[in-house]
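To be precise, the following lines are run_13.cif, and they hold mmCIF, C-alpha atoms.
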data_run
#
loop_
_atom_site.group_PDB
_atom_site.id
_atom_site.type_symbol
_atom_site.label_atom_id
_atom_site.label_comp_id
_atom_site.auth_asym_id
_atom_site.auth_seq_id
_atom_site.Cartn_x
_atom_site.Cartn_y
_atom_site.Cartn_z
ATOM 1 C CA MET A 1073 0.000 0.000 0.000
ATOM 2 C CA THR A 1074 1.353 3.440 -0.908
ATOM 3 C CA THR A 1075 0.672 6.594 1.006
ATOM 4 C CA THR A 1076 0.002 9.810 -0.827
ATOM 5 C CA ILE A 1077 1.081 12.968 0.918
ATOM 6 C CA THR A 1078 -0.521 16.179 -0.251
ATOM 7 C CA LEU A 1079 -0.201 19.765 0.823
ATOM 8 C CA SER A 1080 -3.254 21.239 2.489
ATOM 9 C CA ASN A 1081 -2.462 24.551 0.784
ATOM 10 C CA GLY A 1082 -1.189 23.033 -2.456
ATOM 11 C CA GLU A 1083 -3.389 25.167 -4.708
ATOM 12 C CA LYS A 1084 -2.143 28.346 -3.029
ATOM 13 C CA ILE A 1085 1.493 27.284 -3.405
ATOM 14 C CA SER A 1086 0.906 26.243 -7.009
ATOM 15 C CA SER A 1087 -0.591 29.667 -7.756
ATOM 16 C CA LEU A 1088 2.366 31.352 -6.065
ATOM 17 C CA LEU A 1089 4.829 29.283 -8.106
ATOM 18 C CA MET A 1090 3.044 30.345 -11.286
ATOM 19 C CA LEU A 1091 3.342 34.005 -10.216
ATOM 20 C CA ILE A 1092 7.040 33.516 -9.457
ATOM 21 C CA ALA A 1093 7.606 31.937 -12.887
ATOM 22 C CA GLU A 1094 5.785 34.822 -14.552
ATOM 23 C CA ALA A 1095 7.801 37.383 -12.564
ATOM 24 C CA LEU A 1096 10.985 35.604 -13.673
ATOM 25 C CA ASN A 1097 9.768 36.000 -17.284
ATOM 26 C CA ASP A 1098 9.082 32.267 -17.616
ATOM 27 C CA PRO A 1099 12.700 31.175 -18.037
ATOM 28 C CA ILE A 1100 13.573 27.758 -19.367
ATOM 29 C CA ALA A 1101 14.194 25.868 -16.132
ATOM 30 C CA SER A 1102 17.588 24.506 -17.167
ATOM 31 C CA ARG A 1103 18.755 28.076 -17.794
ATOM 32 C CA LEU A 1104 17.565 29.536 -14.483
ATOM 33 C CA THR A 1105 20.514 31.144 -12.737
ATOM 34 C CA SER A 1106 21.237 32.725 -9.387
ATOM 35 C CA LYS A 1107 21.179 36.099 -11.201
ATOM 36 C CA HIS A 1108 17.544 35.512 -12.226
ATOM 37 C CA PHE A 1109 16.530 34.775 -8.674
ATOM 38 C CA SER A 1110 18.675 37.555 -7.212
ATOM 39 C CA ASP A 1111 17.036 40.118 -9.502
ATOM 40 C CA PHE A 1112 13.598 38.727 -8.629
ATOM 41 C CA ARG A 1113 14.338 38.861 -4.891
ATOM 42 C CA LYS A 1114 15.637 42.431 -5.168
ATOM 43 C CA LYS A 1115 12.382 43.471 -6.850
ATOM 44 C CA ARG A 1116 10.312 41.631 -4.214
ATOM 45 C CA LEU A 1117 12.172 43.373 -1.380
ATOM 46 C CA SER A 1118 11.799 46.786 -3.019
ATOM 47 C CA GLY A 1119 8.072 46.315 -3.636
ATOM 48 C CA GLU A 1120 8.459 46.378 -7.419
ATOM 49 C CA ILE A 1121 7.006 42.858 -7.527
ATOM 50 C CA SER A 1122 4.063 42.098 -5.261
ATOM 51 C CA PHE A 1123 1.684 39.173 -5.383
ATOM 52 C CA VAL A 1124 -0.823 40.749 -3.028
ATOM 53 C CA GLU A 1125 -3.934 42.618 -4.125
ATOM 54 C CA ASP A 1126 -3.624 46.329 -3.416
ATOM 55 C CA LYS A 1127 -6.367 46.272 -0.779
ATOM 56 C CA TRP A 1128 -4.429 43.635 1.230
ATOM 57 C CA ASN A 1129 -0.949 44.946 0.571
ATOM 58 C CA ARG A 1130 0.801 45.836 3.830
ATOM 59 C CA GLY A 1131 3.983 47.008 2.158
ATOM 60 C CA ILE A 1132 6.946 45.287 0.591
ATOM 61 C CA ALA A 1133 7.707 41.590 0.924
ATOM 62 C CA SER A 1134 9.668 40.575 3.981
ATOM 63 C CA ILE A 1135 12.933 38.660 3.972
ATOM 64 C CA ALA A 1136 11.048 35.654 5.335
ATOM 65 C CA THR A 1137 8.628 35.817 2.383
ATOM 66 C CA CYS A 1138 11.509 35.925 -0.093
ATOM 67 C CA ASN A 1139 13.103 32.943 1.642
ATOM 68 C CA LEU A 1140 9.802 31.066 1.290
ATOM 69 C CA ASP A 1141 9.701 31.933 -2.424
ATOM 70 C CA LEU A 1142 13.135 30.324 -2.791
ATOM 71 C CA ALA A 1143 12.163 27.295 -0.684
ATOM 72 C CA TYR A 1144 9.026 26.658 -2.749
ATOM 73 C CA LEU A 1145 10.943 26.980 -6.003
ATOM 74 C CA ARG A 1146 13.667 24.609 -4.813
ATOM 75 C CA SER A 1147 11.081 22.091 -3.607
ATOM 76 C CA VAL A 1148 9.733 21.727 -7.144
ATOM 77 C CA PHE A 1149 13.152 20.706 -8.406
ATOM 78 C CA ASN A 1150 13.766 18.451 -5.388
ATOM 79 C CA LYS A 1151 10.568 16.548 -6.205
ATOM 80 C CA LEU A 1152 11.444 16.322 -9.909
ATOM 81 C CA ILE A 1153 14.881 14.922 -9.004
ATOM 82 C CA GLU A 1154 13.268 12.424 -6.633
ATOM 83 C CA LEU A 1155 10.934 11.296 -9.431
ATOM 84 C CA GLY A 1156 13.816 10.992 -11.903
ATOM 85 C CA GLU A 1157 12.375 13.715 -14.127
ATOM 86 C CA TRP A 1158 15.104 16.330 -13.645
ATOM 87 C CA HIS A 1159 18.602 15.534 -14.905
ATOM 88 C CA PHE A 1160 20.260 18.887 -14.384
ATOM 89 C CA PRO A 1161 21.789 20.255 -11.206
ATOM 90 C CA ASN A 1162 19.366 21.330 -8.517
ATOM 91 C CA LEU A 1163 18.802 24.996 -7.859
ATOM 92 C CA LYS A 1164 21.079 24.888 -4.819
ATOM 93 C CA ASN A 1165 23.199 27.629 -6.377
ATOM 94 C CA THR A 1166 20.181 29.757 -7.237
ATOM 95 C CA GLY A 1167 20.466 32.206 -4.397
ATOM 96 C CA HIS A 1168 20.847 31.681 -0.702
ATOM 97 C CA PRO A 1169 18.261 32.483 1.927
ATOM 98 C CA TYR A 1170 18.837 35.743 3.736
ATOM 99 C CA PRO A 1171 19.469 35.398 7.441
ATOM 100 C CA CYS A 1172 16.353 36.364 9.332
ATOM 101 C CA PHE A 1173 16.605 37.615 12.886
ATOM 102 C CA GLU A 1174 13.604 37.548 15.199
ATOM 103 C CA ASN A 1175 13.945 41.218 16.173
ATOM 104 C CA SER A 1176 13.980 42.377 12.570
ATOM 105 C CA THR A 1177 10.762 43.932 11.313
ATOM 106 C CA ARG A 1178 11.687 42.708 7.821
ATOM 107 C CA CYS A 1179 11.296 39.081 8.935
ATOM 108 C CA LYS A 1180 7.666 39.382 9.952
#
For this file, write the structure as structure tokens.
Amino acid sequence: MTTTITLSNGEKISSLLMLIAEALNDPIASRLTSKHFSDFRKKRLSGEISFVEDKWNRGIASIATCNLDLAYLRSVFNKLIELGEWHFPNLKNTGHPYPCFENSTRCK
């Protein structure tokens, strides 16, 4: 018997990943570089890219949010590698999470 594990918020994460891909100008995955993600993250932190409707927008994305963007993107490639569908290097060199300190307002 196999067990299927699903995400309770899978549709939300899928939608977010589609927004991230669009914001990255839909690059060919095998050509995605740390520069692509660095430019994306810079725009997220400056408020140039926001995935929140204006009425809900509380300002620019936090460092923690940008780190989640990276984690979600990496998880896609981790799963593809696990399934034997991805034969290129993982995105481990596609940016590093920013350190996030509890007292920082940017991490909330």
(message) Using only C-alpha atoms for the distances, tell me which of A:Ala1093, A:Ile1121, A:Ala1101, A:Ile1085 is nearest to A:Ala1133.
(response) A:Ile1121
(request) Can you work out the spacing between atom CA of A:Asn1162 and atom CA of A:Arg1146 in Å, to one decimal? (result) 7.5 Å
(request) Kindly give the distance, in Å, that separates atom CA of A:Leu1104 and atom CA of A:Ile1135, rounded to a single decimal. (result)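 Atom-to-atom, atom CA of A:Leu1104 to atom CA of A:Ile1135, that is 21.1 Å.
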(message) Please expand the PyMOL selection byres ((chain A and resi 1160) around 12) into the concrete residues it hits in this file, giving the result as an MDAnalysis selection string.
(response) chainID A and resid 1101:1104 1149:1150 1152:1153 1156:1159 1161:1164
Centre and edge lengths of an axis-aligned box around all listed atoms of stretch 1110-1113 of chain A, with 5 Å added on each side, are to be given in Å to one decimal, as AutoDock Vina command-line options.
--center_x 16.1 --center_y 38.8 --center_z -7.2 --size_x 15.1 --size_y 12.6 --size_z 14.6
(request) Extract, using only C-alpha atoms, all DNA, RNA and protein residues at most 12 Å from A:Leu1091, discarding same-chain residues fewer than 6 positions from it, and format them as a ChimeraX atom specification. (result) /A:1084-1085,1097-1098,1112,1116,1121-1124,1141,1144-1145
Go ahead and save the picked residues with C-alpha atoms, as an mmCIF file, in the coordinates of the input.
data_model
loop_
_atom_site.group_PDB
_atom_site.id
_atom_site.type_symbol
_atom_site.label_atom_id
_atom_site.label_comp_id
_atom_site.auth_asym_id
_atom_site.auth_seq_id
_atom_site.Cartn_x
_atom_site.Cartn_y
_atom_site.Cartn_z
ATOM 1 C CA LYS A 1084 -2.143 28.346 -3.029
ATOM 2 C CA ILE A 1085 1.493 27.284 -3.405
ATOM 3 C CA ASN A 1097 9.768 36.000 -17.284
ATOM 4 C CA ASP A 1098 9.082 32.267 -17.616
ATOM 5 C CA PHE A 1112 13.598 38.727 -8.629
ATOM 6 C CA ARG A 1116 10.312 41.631 -4.214
ATOM 7 C CA ILE A 1121 7.006 42.858 -7.527
ATOM 8 C CA SER A 1122 4.063 42.098 -5.261
ATOM 9 C CA PHE A 1123 1.684 39.173 -5.383
ATOM 10 C CA VAL A 1124 -0.823 40.749 -3.028
ATOM 11 C CA ASP A 1141 9.701 31.933 -2.424
ATOM 12 C CA TYR A 1144 9.026 26.658 -2.749
ATOM 13 C CA LEU A 1145 10.943 26.980 -6.003
#
(request) Calculate how many Å separate atom CA of A:Leu1155 from atom CA of A:Thr1137, rounding to one decimal. (result) 27.3 Å
